[in-house]
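Chemist: The following file, run.txt, comprises compact mmCIF, C-alpha atoms:
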# COMPACT_ATOMS: atom_id res chain seq x y z
CA MET A 676 -63.18 -33.67 18.41
CA PRO A 677 -59.50 -34.48 18.38
CA ALA A 678 -57.07 -31.62 18.70
CA ILE A 679 -55.84 -30.31 15.33
CA PHE A 680 -52.39 -29.55 16.65
CA PRO A 681 -50.64 -32.17 18.70
CA ARG A 682 -49.53 -31.22 22.16
CA TRP A 683 -45.87 -30.66 21.30
CA THR A 684 -46.71 -27.73 19.06
CA ASN A 685 -47.26 -25.71 22.22
CA ASN A 686 -43.47 -25.48 22.33
CA ILE A 687 -43.15 -23.79 18.93
CA PRO A 688 -43.81 -20.19 20.08
CA ILE A 689 -41.31 -20.59 22.90
CA ALA A 690 -38.73 -22.07 20.53
CA ILE A 691 -39.23 -19.19 18.08
CA GLY A 692 -39.01 -16.69 20.92
CA VAL A 693 -35.69 -18.13 21.99
CA LEU A 694 -34.17 -18.96 18.59
CA ALA A 695 -35.21 -15.90 16.56
CA PRO A 696 -33.18 -13.39 18.62
CA LEU A 697 -30.21 -15.77 18.52
CA VAL A 698 -30.42 -16.19 14.74
CA GLY A 699 -30.96 -12.44 14.31
CA ALA A 700 -27.98 -11.60 16.47
CA GLY A 701 -25.93 -14.18 14.59
CA LEU A 702 -26.85 -12.60 11.26
CA VAL A 703 -26.02 -9.11 12.48
CA PHE A 704 -22.66 -10.35 13.75
CA ALA A 705 -21.95 -12.26 10.54
CA VAL A 706 -22.59 -9.22 8.32
CA ALA A 707 -20.73 -6.82 10.61
CA TYR A 708 -17.74 -9.15 10.86
CA TRP A 709 -17.45 -10.96 7.55
CA PHE A 710 -18.76 -8.27 5.20
CA SER A 711 -16.40 -5.70 6.70
CA PRO A 712 -13.37 -4.60 4.63
CA ARG A 713 -11.37 -5.50 7.72
CA TYR A 714 -12.22 -9.08 6.76
CA THR A 715 -12.53 -8.89 2.96
CA ASP A 716 -9.51 -6.66 2.24
CA VAL A 717 -7.04 -6.62 5.11
CA GLY A 718 -4.40 -9.30 4.66
CA TYR A 719 -4.56 -9.26 0.85
CA ARG A 720 -1.08 -10.36 -0.12
CA PRO A 721 -0.88 -11.23 -3.82
CA GLU A 722 2.05 -13.05 -5.27
CA GLN A 723 4.04 -10.71 -7.52
CA PRO A 724 5.69 -11.65 -10.83
CA VAL A 725 9.10 -10.78 -9.30
CA PRO A 726 9.72 -11.62 -5.62
CA TYR A 727 10.74 -8.06 -4.75
CA SER A 728 11.30 -7.62 -1.01
CA HIS A 729 10.51 -4.24 0.52
CA LYS A 730 12.11 -5.53 3.73
CA LEU A 731 15.46 -5.88 1.98
CA HIS A 732 15.40 -2.63 -0.03
CA ALA A 733 13.49 -0.21 2.21
CA GLY A 734 14.17 -1.89 5.56
CA ASP A 735 17.67 -3.37 5.61
CA MET A 736 19.22 -1.01 3.06
CA GLY A 737 17.20 2.02 4.10
CA ILE A 738 16.39 3.25 0.60
CA ASP A 739 13.79 6.02 0.80
CA CYS A 740 10.29 5.16 -0.49
CA ARG A 741 10.57 8.02 -2.96
CA TYR A 742 13.60 6.58 -4.74
CA CYS A 743 11.17 4.28 -6.59
CA HIS A 744 7.74 5.81 -5.91
CA ASN A 745 9.05 9.18 -7.04
CA THR A 746 5.77 10.75 -8.14
CA VAL A 747 4.15 10.44 -4.72
CA GLU A 748 4.86 14.03 -3.64
CA ARG A 749 3.79 15.64 -6.88
CA SER A 750 0.83 13.64 -8.18
CA ALA A 751 -2.26 11.84 -7.00
CA HIS A 752 -0.83 8.50 -8.05
CA ALA A 753 2.20 6.96 -6.35
CA ALA A 754 3.84 5.39 -9.38
CA ILE A 755 5.03 1.82 -9.54
CA PRO A 756 8.58 2.36 -10.81
CA PRO A 757 9.51 1.48 -14.38
CA THR A 758 11.94 -1.39 -14.88
CA ALA A 759 14.62 1.21 -15.61
CA THR A 760 14.58 2.18 -11.92
CA CYS A 761 15.39 -1.42 -10.91
CA MET A 762 18.22 -1.45 -13.43
CA ASN A 763 19.83 1.66 -11.91
CA CYS A 764 21.36 -0.77 -9.43
CA HIS A 765 20.68 -4.20 -10.90
CA GLU A 766 22.78 -3.62 -13.96
CA GLN A 767 25.61 -3.76 -11.39
CA VAL A 768 24.32 -5.86 -8.51
CA LYS A 769 23.05 -9.47 -8.75
CA THR A 770 23.27 -9.36 -12.53
CA GLU A 771 22.95 -13.13 -12.86
CA SER A 772 20.17 -13.64 -10.33
CA LEU A 773 17.39 -15.96 -11.51
CA ARG A 774 14.86 -14.01 -9.49
CA LEU A 775 15.67 -10.94 -11.57
CA ARG A 776 15.25 -12.70 -14.92
CA LYS A 777 11.90 -11.03 -15.62
CA VAL A 778 13.38 -7.61 -14.76
CA ARG A 779 16.19 -8.04 -17.28
CA GLU A 780 13.77 -9.32 -19.93
CA SER A 781 11.47 -6.37 -19.37
CA TYR A 782 14.40 -3.96 -19.66
CA GLN A 783 15.55 -5.52 -22.93
CA THR A 784 12.12 -5.79 -24.58
CA GLY A 785 10.49 -2.66 -23.16
CA GLU A 786 7.47 -4.72 -22.08
CA PRO A 787 6.45 -3.69 -18.54
CA ILE A 788 6.40 -6.16 -15.67
CA GLU A 789 2.76 -6.70 -14.74
CA TRP A 790 2.87 -6.10 -11.00
CA VAL A 791 -0.29 -6.98 -9.10
CA ARG A 792 -1.96 -4.00 -7.48
CA VAL A 793 -2.35 -4.44 -3.71
CA HIS A 794 -4.06 -1.24 -2.57
CA GLN A 795 -7.04 -0.41 -4.73
CA LEU A 796 -9.67 2.18 -3.88
CA PRO A 797 -13.10 2.04 -5.51
CA ASP A 798 -13.20 4.00 -8.76
CA TYR A 799 -15.71 6.51 -7.33
CA ALA A 800 -13.35 7.55 -4.54
CA TYR A 801 -10.88 10.34 -5.28
CA PHE A 802 -7.58 10.02 -3.47
CA ASN A 803 -4.49 12.19 -3.82
CA HIS A 804 -1.17 11.00 -2.44
CA SER A 805 0.53 14.38 -2.78
CA ALA A 806 -2.11 16.14 -0.64
CA HIS A 807 -1.65 13.60 2.14
CA LEU A 808 2.13 13.89 2.06
CA ALA A 809 1.90 17.68 2.10
CA ALA A 810 -0.27 17.38 5.21
CA GLY A 811 2.35 15.18 6.89
CA VAL A 812 0.54 11.84 6.90
CA GLY A 813 3.19 9.13 7.03
CA CYS A 814 3.33 6.30 4.48
CA ALA A 815 3.11 3.87 7.38
CA SER A 816 -0.21 5.30 8.57
CA CYS A 817 -2.04 3.68 5.67
CA HIS A 818 0.42 1.12 4.30
CA GLY A 819 1.83 -0.20 7.56
CA ARG A 820 5.45 -1.11 8.17
CA VAL A 821 6.29 -1.85 4.56
CA ASP A 822 9.96 -1.88 5.56
CA LYS A 823 9.24 -5.11 7.44
CA MET A 824 7.26 -6.81 4.65
CA VAL A 825 8.92 -9.38 2.44
CA VAL A 826 5.63 -9.57 0.55
CA VAL A 827 3.49 -6.43 0.68
CA GLU A 828 0.05 -6.88 2.16
CA MET A 829 -2.87 -4.64 3.07
CA VAL A 830 -2.89 -3.80 6.77
CA GLN A 831 -5.69 -1.23 6.78
CA PRO A 832 -9.21 -1.68 5.39
CA LEU A 833 -9.08 1.52 3.23
CA SER A 834 -12.83 1.75 3.78
CA MET A 835 -14.83 4.96 3.93
CA GLY A 836 -15.38 4.67 7.67
CA TRP A 837 -11.67 4.20 8.19
CA CYS A 838 -10.84 7.25 6.03
CA LEU A 839 -13.32 9.34 7.98
CA ASP A 840 -11.87 8.26 11.32
CA CYS A 841 -8.74 10.16 10.36
CA HIS A 842 -10.44 13.01 8.49
CA ARG A 843 -12.44 13.76 11.64
CA ASN A 844 -9.40 13.66 13.89
CA PRO A 845 -6.19 13.80 11.82
CA GLU A 846 -3.77 14.86 14.55
CA PRO A 847 -2.75 11.37 15.77
CA ASN A 848 -1.65 10.52 12.21
CA LEU A 849 0.30 13.70 11.51
CA ARG A 850 4.08 13.90 11.76
CA PRO A 851 6.80 16.42 10.91
CA LEU A 852 6.76 17.09 7.17
CA ASP A 853 10.29 15.74 6.70
CA GLN A 854 9.51 12.44 8.47
CA VAL A 855 6.73 11.30 6.15
CA THR A 856 8.68 8.41 4.64
CA ASN A 857 10.55 7.55 7.84
CA MET A 858 9.22 4.12 8.78
CA ASN A 859 10.88 4.25 12.19
CA TRP A 860 9.15 7.46 13.28
CA ASP A 861 6.86 6.34 16.08
CA PRO A 862 3.92 8.66 16.82
CA ALA A 863 3.52 7.10 20.28
CA ALA A 864 7.13 7.81 21.24
CA GLU A 865 7.27 11.35 19.85
CA ASP A 866 5.64 14.31 21.48
CA TYR A 867 4.63 16.05 18.27
CA ASP A 868 2.07 18.82 18.09
CA PRO A 869 1.31 19.85 14.48
CA LYS A 870 -0.20 23.12 15.72
CA ARG A 871 3.17 24.22 17.12
CA ASP A 872 5.31 23.06 14.19
CA PRO A 873 6.86 26.19 12.58
CA ALA A 874 7.54 24.23 9.39
CA ARG A 875 3.79 23.99 8.78
CA THR A 876 2.61 27.08 6.98
CA ARG A 877 -1.04 26.13 7.34
CA GLN A 878 -2.97 23.70 9.48
CA VAL A 879 -4.58 20.64 7.96
CA ASN A 880 -8.30 20.82 7.38
CA PRO A 881 -9.39 17.51 5.81
CA PRO A 882 -12.72 17.58 3.97
CA LEU A 883 -15.68 15.88 5.62
CA HIS A 884 -18.27 16.71 2.97
CA CYS A 885 -19.23 14.05 0.40
CA SER A 886 -17.67 15.79 -2.58
CA GLY A 887 -14.28 15.94 -0.86
CA CYS A 888 -13.70 12.38 -2.06
CA HIS A 889 -16.67 11.66 -4.34
CA ARG A 890 -16.22 14.36 -6.91
CA MET B 863 -13.64 -42.72 37.09
CA ALA B 864 -15.22 -39.28 36.75
CA TYR B 865 -17.58 -40.60 34.06
CA ALA B 866 -18.94 -43.38 36.29
CA ARG B 867 -19.53 -40.97 39.15
CA ARG B 868 -21.77 -38.86 36.95
CA GLY B 869 -23.56 -41.91 35.60
CA LEU B 870 -22.00 -41.66 32.16
CA ARG B 871 -20.11 -44.22 30.17
CA ALA B 872 -16.56 -43.49 29.07
CA PRO B 873 -16.28 -42.46 25.36
CA LYS B 874 -14.93 -45.02 22.95
CA ALA B 875 -11.70 -44.35 21.10
CA ALA B 876 -13.58 -43.76 17.81
CA GLU B 877 -15.82 -41.23 19.48
CA ARG B 878 -12.87 -39.38 20.92
CA GLU B 879 -11.28 -39.25 17.52
CA GLN B 880 -14.52 -37.93 16.07
CA ALA B 881 -14.78 -35.22 18.71
CA ALA B 882 -11.15 -34.19 18.15
CA THR B 883 -11.67 -33.98 14.38
CA MET B 884 -14.76 -31.85 14.82
CA ALA B 885 -13.00 -29.53 17.25
CA LEU B 886 -10.09 -29.13 14.82
CA LEU B 887 -12.43 -28.42 11.93
CA LEU B 888 -14.33 -25.79 13.91
CA LEU B 889 -11.07 -24.21 15.07
CA GLY B 890 -9.81 -24.17 11.49
CA LEU B 891 -13.01 -22.53 10.27
CA ALA B 892 -12.89 -19.97 13.04
CA LEU B 893 -9.25 -19.10 12.28
CA ALA B 894 -9.80 -18.95 8.52
CA GLY B 895 -12.67 -16.55 9.11
CA CYS B 896 -10.73 -14.05 11.22
CA TRP B 897 -9.94 -10.44 10.33
CA GLY B 898 -6.57 -9.88 8.75
CA ASN B 899 -5.73 -13.39 7.62
CA PRO B 900 -3.13 -13.27 4.84
CA SER B 901 -4.51 -14.37 1.49
CA ASP B 902 -3.41 -14.05 -2.10
CA GLU B 903 -6.99 -14.14 -3.35
CA PRO B 904 -8.24 -10.71 -4.49
CA PRO B 905 -10.68 -9.08 -2.04
CA VAL B 906 -14.29 -10.18 -2.61
CA HIS B 907 -16.68 -7.26 -2.63
CA LEU B 908 -20.22 -8.59 -2.29
CA GLN B 909 -21.74 -5.18 -2.98
CA GLN B 910 -19.88 -3.90 -6.05
CA ASN B 911 -21.52 -0.48 -6.25
CA MET B 912 -19.47 0.64 -9.28
CA ASP B 913 -16.22 -0.11 -7.45
CA PHE B 914 -14.63 -0.85 -10.80
CA GLN B 915 -15.67 1.27 -13.75
CA GLU B 916 -14.84 1.17 -17.44
CA ARG B 917 -12.18 3.81 -17.35
CA GLY B 918 -8.42 4.04 -17.46
CA GLU B 919 -6.43 4.82 -14.35
CA ALA B 920 -2.72 5.57 -14.15
CA GLN B 921 -0.53 2.57 -15.04
CA GLU B 922 -3.49 0.26 -15.61
CA ARG B 923 -3.77 -2.32 -18.34
CA ASN B 924 -6.30 -1.63 -21.07
CA ASP B 925 -6.91 -3.88 -24.04
CA PHE B 926 -8.25 -1.05 -26.19
CA PHE B 927 -4.67 -0.25 -27.17
CA ALA B 928 -2.42 -2.69 -28.98
CA ASP B 929 0.31 -2.38 -26.35
CA HIS B 930 -2.26 -2.64 -23.48
CA ARG B 931 -1.07 0.60 -21.85
CA VAL B 932 -3.59 3.13 -20.59
CA MET B 933 -0.83 5.72 -20.33
CA ARG B 934 0.08 6.61 -23.90
CA PRO B 935 3.74 7.22 -24.70
CA PRO B 936 4.34 10.51 -26.54
CA VAL B 937 4.25 10.30 -30.32
CA PRO B 938 7.86 10.12 -31.58
CA GLU B 939 9.42 13.40 -32.69
CA THR B 940 6.70 15.53 -31.11
CA VAL B 941 6.92 17.97 -28.21
CA ALA B 942 4.02 18.67 -25.90
CA VAL B 943 3.01 22.32 -25.52
CA GLY B 944 5.18 23.97 -22.89
CA HIS B 945 7.76 21.15 -22.85
CA LEU B 946 10.21 22.46 -25.42
CA LYS B 947 13.05 22.81 -22.86
CA GLU B 948 14.57 25.76 -24.72
CA ASP B 949 16.70 27.02 -21.83
CA ASP B 950 20.03 25.30 -22.45
CA HIS B 951 21.45 26.36 -19.11
CA MET B 952 18.46 24.98 -17.18
CA TRP B 953 17.91 21.75 -19.12
CA ARG B 954 21.37 20.83 -20.40
CA GLY B 955 23.56 22.67 -17.92
CA ARG B 956 25.42 24.35 -20.79
CA LEU B 957 26.33 27.89 -21.74
CA PRO B 958 25.63 29.27 -25.24
CA ASN B 959 29.19 28.31 -26.28
CA GLY B 960 28.51 24.66 -25.35
CA ALA B 961 30.69 24.58 -22.23
CA LEU B 962 29.28 23.27 -18.95
CA ALA B 963 27.94 26.11 -16.82
CA ASP B 964 29.41 26.76 -13.39
CA ALA B 965 26.40 28.59 -11.95
CA LEU B 966 22.77 27.91 -11.21
CA PRO B 967 20.40 28.74 -14.09
CA ALA B 968 18.19 31.84 -13.91
CA GLY B 969 15.21 31.25 -11.66
CA LEU B 970 17.05 29.17 -9.06
CA GLU B 971 18.58 31.08 -6.20
CA LEU B 972 21.39 29.74 -4.04
CA GLY B 973 20.30 29.84 -0.42
CA PRO B 974 19.43 27.72 2.59
CA ALA B 975 16.14 26.60 1.00
CA LEU B 976 17.84 25.31 -2.15
CA LEU B 977 20.62 23.55 -0.23
CA ASP B 978 18.12 21.99 2.17
CA ARG B 979 16.14 20.72 -0.80
CA GLY B 980 19.35 19.48 -2.41
CA GLN B 981 20.41 17.60 0.71
CA LYS B 982 17.03 15.91 1.09
CA ARG B 983 16.84 14.94 -2.58
CA TYR B 984 20.48 13.75 -2.52
CA ASP B 985 19.66 11.54 0.46
CA ILE B 986 16.82 9.93 -1.49
CA TYR B 987 18.32 9.45 -4.94
CA CYS B 988 22.12 9.59 -4.62
CA GLN B 989 22.93 8.40 -1.11
CA PRO B 990 22.08 4.71 -1.85
CA CYS B 991 25.21 4.53 -4.05
CA HIS B 992 27.35 7.62 -3.37
CA GLY B 993 26.86 7.59 0.41
CA GLU B 994 25.57 10.30 2.71
CA MET B 995 28.85 12.25 2.58
CA GLY B 996 29.68 11.50 -1.06
CA TYR B 997 32.54 9.05 -0.63
CA GLY B 998 30.97 6.49 -3.00
CA ASP B 999 30.21 4.08 -0.17
CA GLY B 1000 26.39 3.96 -0.02
CA PRO B 1001 24.45 0.92 1.22
CA ALA B 1002 23.76 -0.38 -2.32
CA THR B 1003 27.50 -0.85 -2.87
CA ARG B 1004 27.85 -3.04 0.19
CA ARG B 1005 25.19 -5.63 -0.63
CA GLY B 1006 24.61 -8.41 -3.11
CA GLY B 1007 28.26 -8.71 -4.06
CA GLY B 1008 28.80 -4.97 -4.50
CA PHE B 1009 29.31 -2.92 -7.64
CA ALA B 1010 31.71 -3.95 -10.38
CA VAL B 1011 32.50 -0.25 -10.94
CA LYS B 1012 32.57 1.76 -7.72
CA PRO B 1013 30.35 4.86 -7.57
CA ALA B 1014 32.28 8.12 -7.79
CA ASN B 1015 33.82 9.62 -4.68
CA PHE B 1016 33.19 13.37 -4.97
CA HIS B 1017 36.18 14.16 -2.77
CA GLN B 1018 38.71 12.92 -5.29
CA ASP B 1019 40.93 15.70 -6.62
CA LYS B 1020 39.66 15.25 -10.18
CA PHE B 1021 36.14 16.28 -9.13
CA ARG B 1022 37.17 19.43 -7.27
CA PRO B 1023 37.64 21.76 -10.25
CA VAL B 1024 34.68 20.52 -12.34
CA PRO B 1025 31.92 23.09 -12.98
CA LEU B 1026 28.54 22.83 -11.23
CA GLY B 1027 26.94 21.94 -14.55
CA TYR B 1028 28.99 18.73 -14.60
CA PHE B 1029 27.12 17.31 -11.62
CA TYR B 1030 23.85 18.44 -13.15
CA ASP B 1031 24.78 16.77 -16.44
CA VAL B 1032 25.72 13.46 -14.80
CA ALA B 1033 22.60 13.46 -12.62
CA THR B 1034 20.56 14.07 -15.78
CA ASN B 1035 22.20 11.83 -18.36
CA GLY B 1036 24.31 9.47 -16.29
CA LYS B 1037 27.94 8.60 -16.89
CA GLY B 1038 29.70 5.29 -17.37
CA SER B 1039 27.70 2.66 -15.52
CA MET B 1040 25.50 5.23 -13.80
CA LYS B 1041 22.16 5.81 -15.48
CA GLY B 1042 20.57 9.22 -15.91
CA TYR B 1043 17.94 10.34 -13.44
CA LYS B 1044 16.10 12.82 -15.63
CA SER B 1045 12.91 10.76 -15.57
CA GLN B 1046 13.11 10.22 -11.80
CA ILE B 1047 14.06 13.70 -10.51
CA PRO B 1048 12.56 17.02 -11.68
CA VAL B 1049 14.99 19.52 -13.22
CA GLU B 1050 15.02 22.00 -10.30
CA ASP B 1051 15.83 19.18 -7.91
CA ARG B 1052 18.73 18.02 -10.08
CA TRP B 1053 20.23 21.50 -9.81
CA ALA B 1054 19.62 21.50 -6.05
CA ILE B 1055 21.41 18.14 -5.85
CA ALA B 1056 24.33 19.51 -7.88
CA ALA B 1057 24.57 22.41 -5.43
CA TRP B 1058 24.52 19.97 -2.50
CA VAL B 1059 27.33 17.88 -4.03
CA ARG B 1060 29.39 21.04 -4.31
CA THR B 1061 28.52 21.80 -0.67
CA LEU B 1062 29.78 18.37 0.41
CA GLN B 1063 33.02 19.00 -1.48
CA VAL B 1064 33.53 22.40 0.13
CA ALA B 1065 32.67 21.05 3.57
CA SER B 1066 35.17 18.19 3.37
CA ASN B 1067 37.96 20.68 2.70
CA ALA B 1068 36.91 23.35 5.18
CA GLU B 1069 38.94 24.76 8.06
CA PRO B 1070 37.40 25.65 11.42
CA SER B 1071 38.10 29.29 10.53
CA ASP B 1072 35.71 28.99 7.53
CA VAL B 1073 32.71 28.64 9.84
CA PRO B 1074 30.98 31.98 10.45
CA GLU B 1075 31.09 33.09 14.11
CA GLN B 1076 27.35 32.79 14.66
CA ALA B 1077 27.22 29.28 13.22
CA ALA B 1078 30.27 28.24 15.24
CA ALA B 1079 28.55 29.28 18.46
CA ALA B 1080 25.43 27.36 17.48
CA MET B 1081 27.52 24.29 16.61
CA ALA B 1082 29.23 24.35 20.00
CA ASP B 1083 25.80 24.16 21.66
CA GLN B 1084 24.62 21.30 19.57
CA ARG B 1085 25.48 17.74 20.46
CA PRO B 1086 26.25 15.51 17.48
CA ARG B 1087 23.03 14.24 15.95
CA ARG B 1088 22.56 10.53 16.38
CA ILE B 1089 21.99 8.73 13.11
CA GLN B 1090 18.98 6.45 13.24
What does this structure look like when you write it as structure tokens?

Modeler:
Amino acid sequence: MPAIFPRWTNNIPIAIGVLAPLVGAGLVFAVAYWFSPRYTDVGYRPEQPVPYSHKLHAGDMGIDCRYCHNTVERSAHAAIPPTATCMNCHEQVKTESLRLRKVRESYQTGEPIEWVRVHQLPDYAYFNHSAHLAAGVGCASCHGRVDKMVVVEMVQPLSMGWCLDCHRNPEPNLRPLDQVTNMNWDPAAEDYDPKRDPARTRQVNPPLHCSGCHR
Amino acid sequence: MAYARRGLRAPKAAEREQAATMALLLLGLALAGCWGNPSDEPPVHLQQNMDFQERGEAQERNDFFADHRVMRPPVPETVAVGHLKEDDHMWRGRLPNGALADALPAGLELGPALLDRGQKRYDIYCQPCHGEMGYGDGPATRRGGGFAVKPANFHQDKFRPVPLGYFYDVATNGKGSMKGYKSQIPVEDRWAIAAWVRTLQVASNAEPSDVPEQAAAAMADQRPRRIQ
């Protein structure tokens, strides 16, 4: 009786034994690497309706973040400024600039400029800017060196694991309360111990339980 | 030839080209698939998990309303409960007789805390135009062709006798080409800023004998702070 399986099929179990772990490892790597918010979100750099440069305004001119994002210390939401804030200066400076055409139109008509949101948390995650500022977390800790960005982009994944990294051990990301918006404040160069800062009336105690952020 | 030594034939030009193209393609794929590559495409979330829900968040667009704003502007000629702003001294900087007040309103106390707050708020909102010391020479005036009308220099003689309420009033409602900051700065902070402007004026006209003895000793110890 002739053999049902030809001789070469003897190699199939060996091939499966060798290939299956490789394919499995490849799949695990692919999901861990390409499904991670470090891949899907970091580097998101949308084109904005007006080519506003944070590098020019916050970096070169040194305007404080809070001049425009003025609600950040008092509310959960760090407001995108109304066109009127732009016009505080731009009714005087660069009044003919073509790049500012949409700003002037918006100011005249009252129709807001539709800026594209860069940093967006999932809707089931509660986040409060004012609480983080009160704790002395710098803008740059989450948003990066915005003062060096001509076009703002995401530099951190803003994922749950990344949030928890800091909630479990906040100290490396804490700074003196009056240096929160200072982009040049370098945690590596400063010897800052939040526990010995007399300006802090209470120590930070970030929530680690689920309902801290999923309320 | 190295190829001949190993018993191989040398690749043809077409084959080399093919190999180079494949290497480039693979390299391109590898680079495009790296963490942190800039992209203007919105992040793709394969597992949506109610990331985006049917609800309005601050400053979002919503087509339910005719003007597409989630945040509803107040109905004209209405006042929200608790926002009547009855206190004329606090909100308008004026005394009952209509004159500008020259003192802080009730509830705000002049002291180191208020002046510290005033300095910090001044440095955020006023310094870009008026300059750190109030000479009207902030960074915004030195760029993009400068200002047609120069920001006020608080050390001019005409600003020395004005009442405190004047600075509050200008910070609130603006003056000339300066716009009001009442929507940008809360009312207590506008008073703190007014107090800080007055402090800058007093300081620019001070004599060494005006410094209290204790503070003078402390100043002698301190080296000038380097501005970053």

Chemist: Taking only C-alpha atoms into account, name the residue in A:Gly734, A:Pro688, A:Pro832, A:Pro873 that is nearest to Thr856 of chain A.

Modeler: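 When distances to Thr856 of chain A are compared using only C-alpha atoms, the smallest one comes from A:Gly734.
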
Chemist: Which residue is closest to chain B? Choose from A:Val830, A:Ala700, A:Ala678, A:Cys761 and count all atoms listed in the file.

Modeler: A:Val830

Chemist: Counting all atoms listed in the file, what are the residues of segment 814-845 of chain A within 9 Å of segment 709-728 of chain A, and for each of them which pair of atoms is the nearest and at what distance in Å, to one decimal? Sort the table by chain and rising number, as a tab-separated table.

Modeler:
residue	atom	partner	partner_atom	distance
A:Asp822	CA	A:Ser728	CA	8.8
A:Met824	CA	A:Ser728	CA	7.0
A:Val825	CA	A:Ser728	CA	4.5
A:Val826	CA	A:Ser728	CA	6.2
A:Val827	CA	A:Arg720	CA	6.1
A:Glu828	CA	A:Arg720	CA	4.3
A:Met829	CA	A:Val717	CA	5.0
A:Val830	CA	A:Val717	CA	5.3
A:Gln831	CA	A:Val717	CA	5.8
A:Pro832	CA	A:Arg713	CA	5.0
A:Leu833	CA	A:Pro712	CA	7.6
A:Ser834	CA	A:Pro712	CA	6.4

Chemist: Tell me which of B:Ala885, B:Ala1080, B:Met912, B:Leu972 sits closest to chain A, counting all atoms listed in the file.

Modeler: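 Using all atoms listed in the file, chain A sits closest to B:Met912.
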
Chemist: Choose the residue, out of B:Ala1057, B:Ile1047, B:Ala920, B:Met995, that has the smallest atom-to-atom separation from Glu748 of chain A; count all atoms listed in the file.

Modeler: B:Ile1047

Chemist: Just want the 6 Å neighbourhood of Asn1015 of chain B, counted on all atoms listed in the file, with same-chain residues fewer than 3 positions away dropped. Output as a list in words.

Modeler: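 Close residues of Asn1015 of chain B: Gly996, Tyr997, Gly998 and Gln1018 of chain B.
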
Chemist: Just to be explicit: take each residue in the selection above, keep C-alpha atoms, and write the result as an mmCIF file, keeping the file's coordinate frame.

Modeler:
data_model
loop_
_atom_site.group_PDB
_atom_site.id
_atom_site.type_symbol
_atom_site.label_atom_id
_atom_site.label_comp_id
_atom_site.auth_asym_id
_atom_site.auth_seq_id
_atom_site.Cartn_x
_atom_site.Cartn_y
_atom_site.Cartn_z
ATOM 1 C CA GLY B 996 29.680 11.500 -1.060
ATOM 2 C CA TYR B 997 32.540 9.050 -0.630
ATOM 3 C CA GLY B 998 30.970 6.490 -3.000
ATOM 4 C CA GLN B 1018 38.710 12.920 -5.290
#

Chemist: If we count all atoms listed in the file, what is near Glu994 of chain B at a cut-off of 12 Å, once residues fewer than 2 positions away on the same chain are taken out, given as a list in words?

Modeler: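 So, after excluding close chain neighbours, the residues are Gly737 and Ile738 of chain A; Gln981, Lys982, Arg983, Tyr984, Asp985, Ile986, Tyr987, Cys988, Gln989, Pro990, Cys991, His992, Gly996, Tyr997, Gly998, Asp999, Gly1000, Pro1001, Ala1002, Asn1015, Phe1016, Trp1058, Val1059, Leu1062 and Ile1089 of chain B.
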
Chemist: With all atoms listed in the file as the basis for distance, which of A:Pro845, A:Met858, A:His807, A:Asp840 is at the shortest distance from chain B?

Modeler: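 Of the candidates, the smallest distance to chain B is held by A:Met858.
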
Chemist: Could you jot down the atom CA of Ser781 of chain A to atom CA of Ile755 of chain A separation for me, Å, one decimal place?

Modeler: 14.3 Å

Chemist: Of the candidates A:Phe680, A:Tyr799, A:Trp860, A:Tyr867, which one gets nearest to chain B if we count all atoms listed in the file?

Modeler: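 Smallest separation from chain B among the options: A:Tyr799.
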
Chemist: Once you count all atoms listed in the file, which residues of chain B turn out to be within 7 Å of chain A? Could you give them as a VMD selection string?

Modeler: chain B and resid 896 to 906 913 to 915 986 to 987 990 1001 1006 to 1010 1040 to 1041 1046

Chemist: Can you pull out every residue within 10 Å of Ala809 of chain A, counting all atoms listed in the file, but drop anything in the same chain fewer than 5 positions away, and send it as a PDB file with C-alpha atoms, in the frame of the given file?

Modeler:
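What ended up in result_38.pdb:
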ATOM      1  CA  GLU A 748       4.860  14.030  -3.640  1.00  0.00           C
ATOM      2  CA  ARG A 749       3.790  15.640  -6.880  1.00  0.00           C
ATOM      3  CA  HIS A 804      -1.170  11.000  -2.440  1.00  0.00           C
ATOM      4  CA  LEU A 852       6.760  17.090   7.170  1.00  0.00           C
ATOM      5  CA  ASP A 853      10.290  15.740   6.700  1.00  0.00           C
ATOM      6  CA  VAL A 855       6.730  11.300   6.150  1.00  0.00           C
ATOM      7  CA  ARG A 875       3.790  23.990   8.780  1.00  0.00           C
ATOM      8  CA  VAL A 879      -4.580  20.640   7.960  1.00  0.00           C
TER       9      VAL A 879
END

Chemist: Hey, what's within 12 Å of Asn844 of chain A if we count only C-alpha atoms and toss same-chain stuff fewer than 3 positions away? As a ChimeraX atom specification, please?

Modeler: /A:837-841,847-849,879-883
